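Enquirer: For reference, the file data-v4.txt (compact mmCIF, C-alpha atoms) is included below:
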# COMPACT_ATOMS: atom_id res chain seq x y z
CA MET J 1456 11.68 -19.74 3.55
CA LYS J 1457 11.01 -21.85 0.50
CA ASN J 1458 12.51 -20.72 -2.76
CA LYS J 1459 9.79 -18.77 -4.56
CA ILE J 1460 9.84 -17.62 -8.14
CA TYR J 1461 7.98 -14.37 -8.74
CA SER J 1462 6.97 -13.07 -12.16
CA ARG J 1463 5.62 -9.72 -10.92
CA ILE J 1464 6.63 -7.77 -7.83
CA ALA J 1465 6.09 -4.32 -6.37
CA VAL J 1466 9.05 -2.62 -4.68
CA LYS J 1467 8.50 0.24 -2.27
CA ILE J 1468 11.58 2.36 -1.59
CA GLY J 1469 11.37 4.53 1.50
CA SER J 1470 12.66 8.07 1.93
CA ASN J 1471 15.29 7.01 4.43
CA VAL J 1472 16.67 4.55 1.89
CA LEU J 1473 16.93 7.13 -0.88
CA THR J 1474 18.16 10.15 1.05
CA ARG J 1475 21.14 11.06 3.17
CA LYS J 1476 20.80 12.61 6.61
CA ASP J 1477 20.73 16.09 5.08
CA GLY J 1478 17.84 15.10 2.80
CA THR J 1479 19.82 15.05 -0.44
CA LEU J 1480 19.40 12.09 -2.77
CA ASP J 1481 21.84 9.25 -2.18
CA ILE J 1482 22.77 8.66 -5.82
CA THR J 1483 25.00 5.70 -5.00
CA ARG J 1484 22.11 3.94 -3.25
CA MET J 1485 19.68 4.79 -6.04
CA SER J 1486 22.12 3.46 -8.62
CA ALA J 1487 22.59 0.19 -6.71
CA LEU J 1488 18.82 -0.34 -6.48
CA VAL J 1489 18.30 0.48 -10.16
CA ASP J 1490 21.07 -2.00 -11.05
CA GLN J 1491 19.20 -4.72 -9.16
CA ILE J 1492 15.82 -3.84 -10.67
CA ALA J 1493 17.38 -3.80 -14.13
CA GLU J 1494 18.73 -7.31 -13.57
CA LEU J 1495 15.33 -8.53 -12.42
CA HIS J 1496 13.80 -6.90 -15.49
CA ARG J 1497 16.26 -8.68 -17.79
CA ASN J 1498 15.44 -11.96 -16.05
CA GLY J 1499 11.76 -11.57 -16.96
CA ILE J 1500 10.43 -10.29 -13.62
CA GLU J 1501 8.01 -7.38 -13.96
CA VAL J 1502 8.79 -4.70 -11.40
CA ILE J 1503 6.50 -1.89 -10.29
CA MET J 1504 8.31 0.70 -8.22
CA VAL J 1505 6.66 2.82 -5.53
CA THR J 1506 9.15 5.46 -4.55
CA SER J 1507 9.37 8.03 -1.82
CA GLY J 1508 11.93 10.82 -1.69
CA ALA J 1509 10.33 13.65 -3.69
CA VAL J 1510 9.52 15.89 -0.73
CA ALA J 1511 12.89 15.26 0.94
CA SER J 1512 14.68 15.89 -2.33
CA GLY J 1513 12.80 19.13 -2.96
CA ARG J 1514 13.43 20.32 0.57
CA SER J 1515 17.17 19.87 0.11
CA GLU J 1516 17.05 21.75 -3.20
CA LEU J 1517 15.30 24.74 -1.61
CA LYS J 1518 17.52 25.20 1.42
CA HIS J 1519 17.36 28.98 1.03
CA LEU J 1520 13.70 28.80 2.16
CA ALA J 1521 14.60 27.17 5.48
CA GLY J 1522 13.70 30.25 7.50
CA LYS J 1523 10.52 31.08 5.60
CA LYS J 1524 7.25 30.29 7.32
CA MET J 1525 4.87 28.12 5.29
CA ASP J 1526 1.95 25.97 6.34
CA GLU J 1527 2.45 22.21 6.07
CA VAL J 1528 0.36 21.70 2.93
CA SER J 1529 2.03 24.58 1.04
CA ALA J 1530 5.50 23.37 1.98
CA ARG J 1531 4.70 19.82 0.91
CA GLN J 1532 3.29 20.96 -2.41
CA LEU J 1533 6.29 23.14 -3.15
CA PHE J 1534 8.93 20.62 -2.11
CA SER J 1535 7.26 17.77 -3.97
CA ALA J 1536 6.85 19.79 -7.18
CA VAL J 1537 10.58 20.50 -7.27
CA GLY J 1538 11.70 17.17 -5.81
CA GLN J 1539 9.54 14.98 -8.06
CA ALA J 1540 11.15 16.41 -11.20
CA LYS J 1541 14.59 15.88 -9.69
CA LEU J 1542 13.79 12.35 -8.55
CA ILE J 1543 12.23 11.01 -11.76
CA ASN J 1544 14.97 12.59 -13.88
CA ARG J 1545 17.59 10.74 -11.86
CA TYR J 1546 15.71 7.45 -12.20
CA TYR J 1547 15.34 8.04 -15.94
CA GLU J 1548 19.07 8.56 -16.37
CA LEU J 1549 19.98 5.52 -14.26
CA PHE J 1550 17.62 3.19 -16.13
CA ARG J 1551 18.74 4.62 -19.48
CA ASP J 1552 22.25 3.35 -18.69
CA HIS J 1553 20.69 -0.15 -18.79
CA ASP J 1554 18.75 0.58 -22.01
CA ILE J 1555 15.52 0.39 -19.99
CA VAL J 1556 12.73 2.94 -20.16
CA CYS J 1557 10.88 3.99 -17.02
CA GLY J 1558 7.69 6.00 -16.74
CA GLN J 1559 6.10 8.07 -14.02
CA ILE J 1560 2.65 7.56 -12.51
CA LEU J 1561 1.54 10.25 -10.07
CA THR J 1562 -1.59 9.30 -8.21
CA THR J 1563 -3.87 10.45 -5.42
CA LYS J 1564 -6.07 8.65 -2.95
CA GLU J 1565 -9.14 9.74 -4.90
CA ASN J 1566 -7.93 7.67 -7.87
CA PHE J 1567 -8.67 4.53 -5.84
CA ALA J 1568 -12.05 5.70 -4.57
CA THR J 1569 -14.18 4.53 -7.51
CA ARG J 1570 -13.94 1.28 -9.40
CA GLN J 1571 -13.63 3.09 -12.75
CA HIS J 1572 -10.71 5.28 -11.67
CA TYR J 1573 -9.11 2.21 -10.13
CA LEU J 1574 -9.42 0.24 -13.38
CA ASN J 1575 -8.14 3.18 -15.45
CA GLN J 1576 -5.02 3.37 -13.31
CA LYS J 1577 -4.57 -0.39 -13.47
CA HIS J 1578 -4.85 -0.34 -17.27
CA CYS J 1579 -2.20 2.36 -17.58
CA THR J 1580 0.22 0.36 -15.44
CA GLU J 1581 -0.51 -2.85 -17.36
CA VAL J 1582 0.20 -1.14 -20.69
CA MET J 1583 3.56 0.04 -19.37
CA LEU J 1584 4.51 -3.45 -18.18
CA GLU J 1585 3.38 -5.06 -21.43
CA ASN J 1586 5.70 -2.75 -23.34
CA GLY J 1587 8.74 -3.24 -21.14
CA VAL J 1588 8.46 0.10 -19.34
CA ILE J 1589 9.09 0.15 -15.59
CA PRO J 1590 6.31 2.08 -13.79
CA ILE J 1591 7.52 4.42 -11.04
CA VAL J 1592 4.59 5.37 -8.80
CA ASN J 1593 4.41 8.14 -6.24
CA GLU J 1594 1.67 10.13 -4.56
CA ASN J 1595 0.99 13.44 -6.28
CA ASP J 1596 1.69 15.60 -3.24
CA THR J 1597 1.40 18.75 -5.34
CA ILE J 1598 -2.40 18.41 -5.46
CA SER J 1599 -3.14 16.19 -2.45
CA ILE J 1600 -4.50 17.80 0.68
CA THR J 1601 -4.07 16.44 4.18
CA GLU J 1602 -7.41 14.71 4.64
CA LEU J 1603 -7.17 13.02 1.23
CA MET J 1604 -3.55 11.90 1.43
CA PHE J 1605 -2.38 8.33 1.82
CA THR J 1606 -1.22 7.55 5.34
CA ASP J 1607 2.20 7.06 3.72
CA ASN J 1608 3.74 5.30 0.72
CA ASP J 1609 3.45 2.00 2.57
CA GLU J 1610 -0.31 2.31 2.16
CA LEU J 1611 0.11 3.28 -1.51
CA SER J 1612 2.43 0.34 -2.19
CA GLY J 1613 -0.11 -2.06 -0.67
CA LEU J 1614 -2.81 -0.69 -2.95
CA ILE J 1615 -0.56 -0.92 -6.00
CA ALA J 1616 0.57 -4.49 -5.24
CA SER J 1617 -3.02 -5.56 -4.71
CA MET J 1618 -4.34 -3.73 -7.77
CA MET J 1619 -1.68 -5.17 -10.08
CA GLY J 1620 -1.88 -8.75 -8.82
CA ALA J 1621 1.75 -8.75 -7.70
CA GLN J 1622 2.97 -11.99 -6.14
CA ALA J 1623 5.18 -10.10 -3.73
CA LEU J 1624 5.53 -6.64 -2.24
CA ILE J 1625 9.02 -5.75 -1.05
CA ILE J 1626 9.15 -2.79 1.34
CA LEU J 1627 12.67 -1.41 1.61
CA SER J 1628 13.38 0.47 4.82
CA ASN J 1629 16.48 1.47 6.76
CA ILE J 1630 16.26 -1.49 9.18
CA ASP J 1631 16.26 -5.25 8.60
CA GLY J 1632 12.58 -5.89 9.27
CA VAL J 1633 10.15 -6.26 12.17
CA TYR J 1634 12.01 -6.72 15.45
CA ASP J 1635 10.73 -8.48 18.56
CA GLY J 1636 11.84 -5.48 20.63
CA ASP J 1637 13.54 -2.10 20.32
CA PRO J 1638 15.79 -2.39 17.21
CA SER J 1639 18.47 -0.34 18.98
CA LEU J 1640 18.89 -2.97 21.70
CA PRO J 1641 21.37 -5.80 21.01
CA GLU J 1642 19.04 -8.47 22.39
CA SER J 1643 16.29 -7.61 19.87
CA LYS J 1644 15.99 -9.97 16.91
CA VAL J 1645 14.34 -9.74 13.51
CA ILE J 1646 11.15 -11.78 13.24
CA LEU J 1647 11.92 -13.77 10.10
CA ASP J 1648 8.48 -15.21 9.31
CA ILE J 1649 4.97 -13.97 10.06
CA TYR J 1650 2.01 -15.99 8.82
CA HIS J 1651 -1.25 -14.41 7.73
CA ASP J 1652 -3.28 -16.01 10.52
CA ALA J 1653 -0.75 -15.23 13.25
CA SER J 1654 -1.94 -13.26 16.25
CA LEU J 1655 0.90 -11.14 17.62
CA ASP J 1656 0.85 -8.59 20.42
CA THR J 1657 2.45 -5.90 18.27
CA ASP J 1658 2.11 -3.20 20.95
CA SER J 1659 4.84 -4.95 22.92
CA PHE J 1660 7.49 -4.68 20.20
CA ILE J 1661 6.49 -2.31 17.40
CA GLN J 1662 7.50 1.29 17.91
CA SER J 1663 5.37 4.19 16.72
CA LYS J 1664 8.37 6.35 15.82
CA LYS J 1665 8.34 7.56 12.22
CA SER J 1666 11.27 7.97 9.87
CA SER J 1667 13.14 11.25 9.49
CA PHE J 1668 11.75 12.16 6.07
CA GLY J 1669 8.77 9.83 5.55
CA ARG J 1670 5.29 9.80 7.07
CA GLY J 1671 5.26 6.12 8.00
CA GLY J 1672 6.67 4.00 10.79
CA MET J 1673 6.96 0.29 11.50
CA GLY J 1674 3.40 0.20 12.86
CA SER J 1675 2.12 1.34 9.46
CA LYS J 1676 4.34 -1.17 7.66
CA TYR J 1677 3.09 -4.02 9.86
CA ARG J 1678 -0.60 -3.18 9.34
CA ILE J 1679 -0.26 -2.83 5.57
CA SER J 1680 1.88 -5.97 5.29
CA HIS J 1681 -0.62 -8.04 7.27
CA LYS J 1682 -3.53 -6.85 5.14
CA VAL J 1683 -1.74 -7.45 1.83
CA ALA J 1684 -0.61 -10.92 2.94
CA GLU J 1685 -4.25 -11.71 3.77
CA GLU J 1686 -5.05 -10.96 0.12
CA GLY J 1687 -2.60 -13.60 -1.11
CA ILE J 1688 0.56 -11.56 -1.64
CA ASP J 1689 3.90 -12.23 0.06
CA VAL J 1690 5.22 -9.11 1.79
CA ILE J 1691 8.86 -8.63 2.71
CA ILE J 1692 10.25 -5.84 4.88
CA ALA J 1693 13.99 -5.55 4.34
CA ASN J 1694 16.94 -3.20 4.62
CA GLY J 1695 17.38 -1.31 1.36
CA SER J 1696 20.98 -0.46 2.17
CA ARG J 1697 22.11 -4.09 2.12
CA SER J 1698 24.01 -5.16 -0.97
CA ASN J 1699 21.88 -6.87 -3.65
CA ILE J 1700 18.95 -7.24 -1.25
CA LEU J 1701 16.36 -7.43 -4.05
CA LEU J 1702 18.26 -10.15 -5.89
CA GLU J 1703 18.63 -12.11 -2.69
CA ILE J 1704 14.94 -11.91 -1.78
CA THR J 1705 13.72 -12.89 -5.23
CA SER J 1706 16.07 -15.88 -5.26
CA GLY J 1707 14.63 -17.08 -1.95
CA LYS J 1708 17.92 -16.85 -0.08
CA ARG J 1709 18.27 -15.83 3.56
CA ALA J 1710 21.93 -14.89 3.93
CA VAL J 1711 20.79 -11.71 5.70
CA PRO J 1712 17.75 -11.25 7.92
CA TYR J 1713 14.46 -9.80 6.71
CA THR J 1714 10.83 -10.22 7.71
CA MET J 1715 8.48 -12.12 5.44
CA PHE J 1716 4.70 -11.99 5.80
CA HIS J 1717 3.55 -15.22 4.16
CA ALA J 1718 0.59 -14.95 1.81
CA ASN J 1719 -2.81 -16.40 2.52
CA ALA J 1720 -3.15 -19.38 0.17
CA GLU J 1721 -6.86 -18.76 -0.42
CA LYS J 1722 -7.61 -16.84 -3.62
CA VAL J 1723 -9.07 -13.37 -3.19
CA SER J 1724 -10.92 -11.77 -6.12
CA SER J 1725 -9.63 -8.55 -7.67
CA VAL J 1726 -12.83 -6.75 -6.65
CA LYS J 1727 -12.39 -7.80 -3.02
CA LYS J 1728 -8.78 -6.65 -3.13
CA TRP J 1729 -9.98 -3.21 -4.16
CA ILE J 1730 -12.67 -3.19 -1.49
CA ALA J 1731 -10.18 -4.34 1.17
CA HIS J 1732 -8.27 -1.08 0.71
CA SER J 1733 -11.34 1.14 0.32
CA ASP J 1734 -12.15 1.77 3.97
CA GLY J 1735 -10.87 5.33 3.71
CA PHE J 1736 -13.34 6.09 0.90
CA ALA J 1737 -16.47 4.98 2.75
CA LYS J 1738 -19.47 7.27 2.31
CA GLY J 1739 -21.72 5.82 5.03
CA GLN J 1740 -22.33 3.04 7.54
CA LEU J 1741 -24.68 0.09 8.01
CA LYS J 1742 -25.14 -1.12 11.58
CA VAL J 1743 -26.17 -4.76 11.98
CA ASN J 1744 -27.81 -6.86 14.69
CA GLN J 1745 -26.14 -9.75 16.50
CA GLY J 1746 -27.53 -12.40 14.18
CA ALA J 1747 -26.19 -10.70 11.06
CA TYR J 1748 -22.86 -10.02 12.77
CA ASP J 1749 -22.40 -13.67 13.72
CA ALA J 1750 -23.46 -14.87 10.26
CA LEU J 1751 -21.05 -12.56 8.45
CA LEU J 1752 -18.13 -13.63 10.63
CA ALA J 1753 -19.02 -17.31 10.26
CA GLY J 1754 -18.57 -17.58 6.51
CA ALA J 1755 -19.55 -16.74 2.94
CA THR J 1756 -22.77 -14.80 3.23
CA SER J 1757 -24.20 -11.51 1.98
CA LEU J 1758 -25.45 -8.67 4.16
CA LEU J 1759 -29.25 -8.81 4.09
CA ALA J 1760 -31.60 -5.97 4.97
CA VAL J 1761 -33.25 -8.06 7.71
CA GLY J 1762 -30.00 -7.91 9.68
CA VAL J 1763 -29.55 -4.14 9.44
CA THR J 1764 -30.69 -1.95 12.34
CA GLU J 1765 -29.47 1.48 11.26
CA VAL J 1766 -28.28 3.32 8.14
CA MET J 1767 -25.92 6.24 8.77
CA GLY J 1768 -24.76 8.85 6.29
CA GLU J 1769 -25.73 9.54 2.69
CA PHE J 1770 -24.48 7.36 -0.16
CA ASP J 1771 -25.32 6.31 -3.71
CA LYS J 1772 -25.62 2.85 -5.21
CA ASP J 1773 -22.17 1.23 -5.63
CA ASP J 1774 -20.52 3.49 -3.05
CA ILE J 1775 -18.26 1.99 -0.39
CA VAL J 1776 -19.80 1.75 3.09
CA GLN J 1777 -18.57 0.51 6.44
CA VAL J 1778 -20.37 -2.28 8.30
CA ILE J 1779 -20.72 -1.72 12.05
CA SER J 1780 -21.19 -4.37 14.74
CA PRO J 1781 -23.93 -4.20 17.41
CA GLY J 1782 -21.25 -2.87 19.76
CA GLY J 1783 -20.35 -0.01 17.43
CA GLU J 1784 -17.09 -1.38 15.97
CA GLU J 1785 -16.32 -1.41 12.26
CA PHE J 1786 -15.63 -4.99 11.16
CA ALA J 1787 -16.26 -4.98 7.41
CA VAL J 1788 -16.44 -2.79 4.33
CA GLY J 1789 -18.32 -3.32 1.09
CA ARG J 1790 -19.90 -1.91 -2.05
CA VAL J 1791 -23.56 -1.24 -1.35
CA GLY J 1792 -26.21 -2.23 -3.89
CA VAL J 1793 -28.70 0.61 -3.23
CA ASP J 1794 -28.60 4.26 -2.21
CA SER J 1795 -29.04 5.41 1.40
CA ASP J 1796 -32.73 6.31 1.04
CA LYS J 1797 -33.56 2.88 -0.37
CA ALA J 1798 -31.43 1.20 2.30
CA ARG J 1799 -33.36 2.96 5.07
CA SER J 1800 -36.65 1.79 3.56
CA MET J 1801 -35.37 -1.80 3.62
CA ILE J 1802 -34.18 -1.92 7.26
CA GLY J 1803 -35.28 -5.13 8.99
CA LYS J 1804 -37.26 -6.45 6.04
CA LYS J 1805 -37.14 -10.06 4.86
CA GLY J 1806 -37.07 -11.14 1.23
CA GLU J 1807 -35.15 -8.12 -0.03
CA ARG J 1808 -32.07 -8.41 -2.22
CA PRO J 1809 -28.76 -8.15 -0.34
CA LEU J 1810 -27.63 -4.69 0.63
CA ILE J 1811 -24.06 -5.88 0.11
CA HIS J 1812 -23.47 -9.05 -1.89
CA TYR J 1813 -20.78 -11.39 -0.56
CA ASP J 1814 -18.68 -10.82 -3.71
CA TYR J 1815 -18.39 -7.13 -2.75
CA LEU J 1816 -17.91 -7.54 1.00
CA TYR J 1817 -14.58 -7.65 2.84
CA ILE J 1818 -14.43 -8.77 6.49
CA PHE J 1819 -11.44 -7.45 8.46
Output the file's structure as structure tokens, nothing else.

Expert:
Amino acid sequence: MKNKIYSRIAVKIGSNVLTRKDGTLDITRMSALVDQIAELHRNGIEVIMVTSGAVASGRSELKHLAGKKMDEVSARQLFSAVGQAKLINRYYELFRDHDIVCGQILTTKENFATRQHYLNQKHCTEVMLENGVIPIVNENDTISITELMFTDNDELSGLIASMMGAQALIILSNIDGVYDGDPSLPESKVILDIYHDASLDTDSFIQSKKSSFGRGGMGSKYRISHKVAEEGIDVIIANGSRSNILLEITSGKRAVPYTMFHANAEKVSSVKKWIAHSDGFAKGQLKVNQGAYDALLAGATSLLAVGVTEVMGEFDKDDIVQVISPGGEEFAVGRVGVDSDKARSMIGKKGERPLIHYDYLYIF
């Protein structure tokens, strides 16, 4: 890997990095990571933290409720409410020892659903960075419900890195990276470099098993990393328990193994970055014919009404919609320029304005 100098990075710290086997916070590990982030901060690198650990921390604090029956949403809300206070207080104390101020941003998936909410959140984070405050981001599990939750904090970290124009996203896990086989087998090796246009048979070596306290697994990390790298951001999956791992990565060294997803060199606009992560907020679907499908895949073109064969669902102007191939597969997502009634009236017509302009269209 070439030595790269980053001025802004996002660091995602997983639950299994921050917690012991019993779910209690590993203060020694937290302190070591804060020490590294503080050094990066002093060296002029802006760091945005995306941290897990609130639910696990709250669960360990409320051990007396272990036998009490609660539904999954109620338990998550309760544990996160207690654990989030515990977690951010510990971070605050650790950063205070370095004379650095940190601040908390609790967010939900809905805050990324509209462009205005997205920009409001971005502005808040920018103001913190401009004033030397380290943003610590986590999902607000106390008010999130299952169908509106992020898949995991890997997904959230990808959104944050993309939104904030980070040059790198570092995902800290409890293993060294993406392995070419079962990580528990001695013959399995860490894949050191993955390029954005690489085509790998991930089913043959990525396991679906999730971590003990988190919601994500390596499959989720791979998908998010590949998408973020496509948007022009380096993504590194590394072992958060290794000594000075953040300092090593940001210096470009490779004394220990980690997986790096190399960024696509082509510039992607900030609007397209938002749209790329907006699939989960789609309000409807536009199905296209073969000609439109081929044209969209071939290069820079807008989705015209003449190429649309069906409009599904109800949506307003500027909502996010999915674009469906003739065979029924989703292959793109974009911000639609008209509402669903108008779109239906335009189906198959020539000379109409684009239903989705190229600047607001993201092809998977």

Enquirer: Determine, using only C-alpha atoms, which residues of stretch 1505-1566 of chain J have any atom at most 12 Å from an atom of stretch 1621-1628 of chain J, and tabulate each with its shortest atom pair and distance in Å to one decimal place, rows ordered by chain and then rising number, as JSON lines.

Expert:
{"residue": "J:Val1505", "atom": "CA", "partner": "J:Ile1626", "partner_atom": "CA", "distance": 9.2}
{"residue": "J:Thr1506", "atom": "CA", "partner": "J:Leu1627", "partner_atom": "CA", "distance": 9.9}
{"residue": "J:Ser1507", "atom": "CA", "partner": "J:Leu1627", "partner_atom": "CA", "distance": 10.6}

Enquirer: Quick one: of J:Ile1802, J:Ile1818, J:Met1673, J:Ile1543, who's nearest to J:Ser1780, counting all atoms listed in the file?

Expert: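 With all atoms listed in the file as the atom set, the closest residue is J:Ile1818.
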
Enquirer: What would the list of residues within 12 Å of (11.3, -14.2, -15.1) (file frame) look like as a short mmCIF file (atom, residue, chain, number, x, y, z; two decimals) with C-alpha atoms, in the coordinates of the input, if all atoms listed in the file are what count?

Expert:
data_model
loop_
_atom_site.label_atom_id
_atom_site.label_comp_id
_atom_site.auth_asym_id
_atom_site.auth_seq_id
_atom_site.Cartn_x
_atom_site.Cartn_y
_atom_site.Cartn_z
CA LYS J 1459 9.79 -18.77 -4.56
CA ILE J 1460 9.84 -17.62 -8.14
CA TYR J 1461 7.98 -14.37 -8.74
CA SER J 1462 6.97 -13.07 -12.16
CA ARG J 1463 5.62 -9.72 -10.92
CA ILE J 1464 6.63 -7.77 -7.83
CA GLU J 1494 18.73 -7.31 -13.57
CA LEU J 1495 15.33 -8.53 -12.42
CA HIS J 1496 13.80 -6.90 -15.49
CA ARG J 1497 16.26 -8.68 -17.79
CA ASN J 1498 15.44 -11.96 -16.05
CA GLY J 1499 11.76 -11.57 -16.96
CA ILE J 1500 10.43 -10.29 -13.62
CA GLU J 1501 8.01 -7.38 -13.96
CA VAL J 1502 8.79 -4.70 -11.40
CA THR J 1705 13.72 -12.89 -5.23
CA SER J 1706 16.07 -15.88 -5.26
#

Enquirer: Can you pull out every residue within 10 Å of J:His1732, counting only C-alpha atoms, but drop anything in the same chain fewer than 5 positions away, and send it as a list in words?

Expert: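 Contacts, with the query itself left out: Phe1567, Ala1568, Glu1610, Leu1611, Gly1613, Leu1614, Ser1617, Met1618, Ile1679, Lys1682, Val1683, Lys1727, Val1788 and Tyr1817 of chain J.
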
Enquirer: Have a look at J:Cys1557, J:Met1619, J:Ile1468, J:Ile1691 and name the one nearest to J:Arg1709; count all atoms listed in the file.

Expert: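 For J:Arg1709, the nearest of the given residues is J:Ile1691.
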
Enquirer: By how many Å are atom CA of J:Glu1784 and atom CA of J:Lys1797 apart?

Expert: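 These two atoms are separated by 23.6 Å.
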
Enquirer: Looking at J:Ala1753, J:Val1489, J:Ala1540, J:Ile1630, which one is nearest to J:Val1472, with distances taken over only C-alpha atoms?

Expert: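 Result for the nearest residue to J:Val1472: J:Ile1630.
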
Enquirer: Which residue out of J:Gly1469, J:Pro1641, J:Gly1632, J:Gly1508 has the minimum interatomic distance to J:Asn1694 when all atoms listed in the file are used?

Expert: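 Result for the nearest residue to J:Asn1694: J:Gly1632.
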
Enquirer: Grab the atom CA of J:Asp1814 to atom CA of J:Asn1744 distance for me, in Å with one decimal place.

Expert: 20.9 Å

Enquirer: When you look at J:Tyr1547 with a cut-off of 10 Å (counting all atoms listed in the file), what residues show up, excluding the ones that are within fewer than 3 positions of it in the same chain? I need them as a ChimeraX atom specification.

Expert: /J:1489,1542-1544,1550-1552,1555-1559,1591

Enquirer: With C-alpha atoms retained, export the selected residues as a short mmCIF file (atom, residue, chain, number, x, y, z; two decimals), in the frame of the given file.

Expert:
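Wrote part-v4.cif, looks like this:
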data_model
loop_
_atom_site.label_atom_id
_atom_site.label_comp_id
_atom_site.auth_asym_id
_atom_site.auth_seq_id
_atom_site.Cartn_x
_atom_site.Cartn_y
_atom_site.Cartn_z
CA VAL J 1489 18.30 0.48 -10.16
CA LEU J 1542 13.79 12.35 -8.55
CA ILE J 1543 12.23 11.01 -11.76
CA ASN J 1544 14.97 12.59 -13.88
CA PHE J 1550 17.62 3.19 -16.13
CA ARG J 1551 18.74 4.62 -19.48
CA ASP J 1552 22.25 3.35 -18.69
CA ILE J 1555 15.52 0.39 -19.99
CA VAL J 1556 12.73 2.94 -20.16
CA CYS J 1557 10.88 3.99 -17.02
CA GLY J 1558 7.69 6.00 -16.74
CA GLN J 1559 6.10 8.07 -14.02
CA ILE J 1591 7.52 4.42 -11.04
#
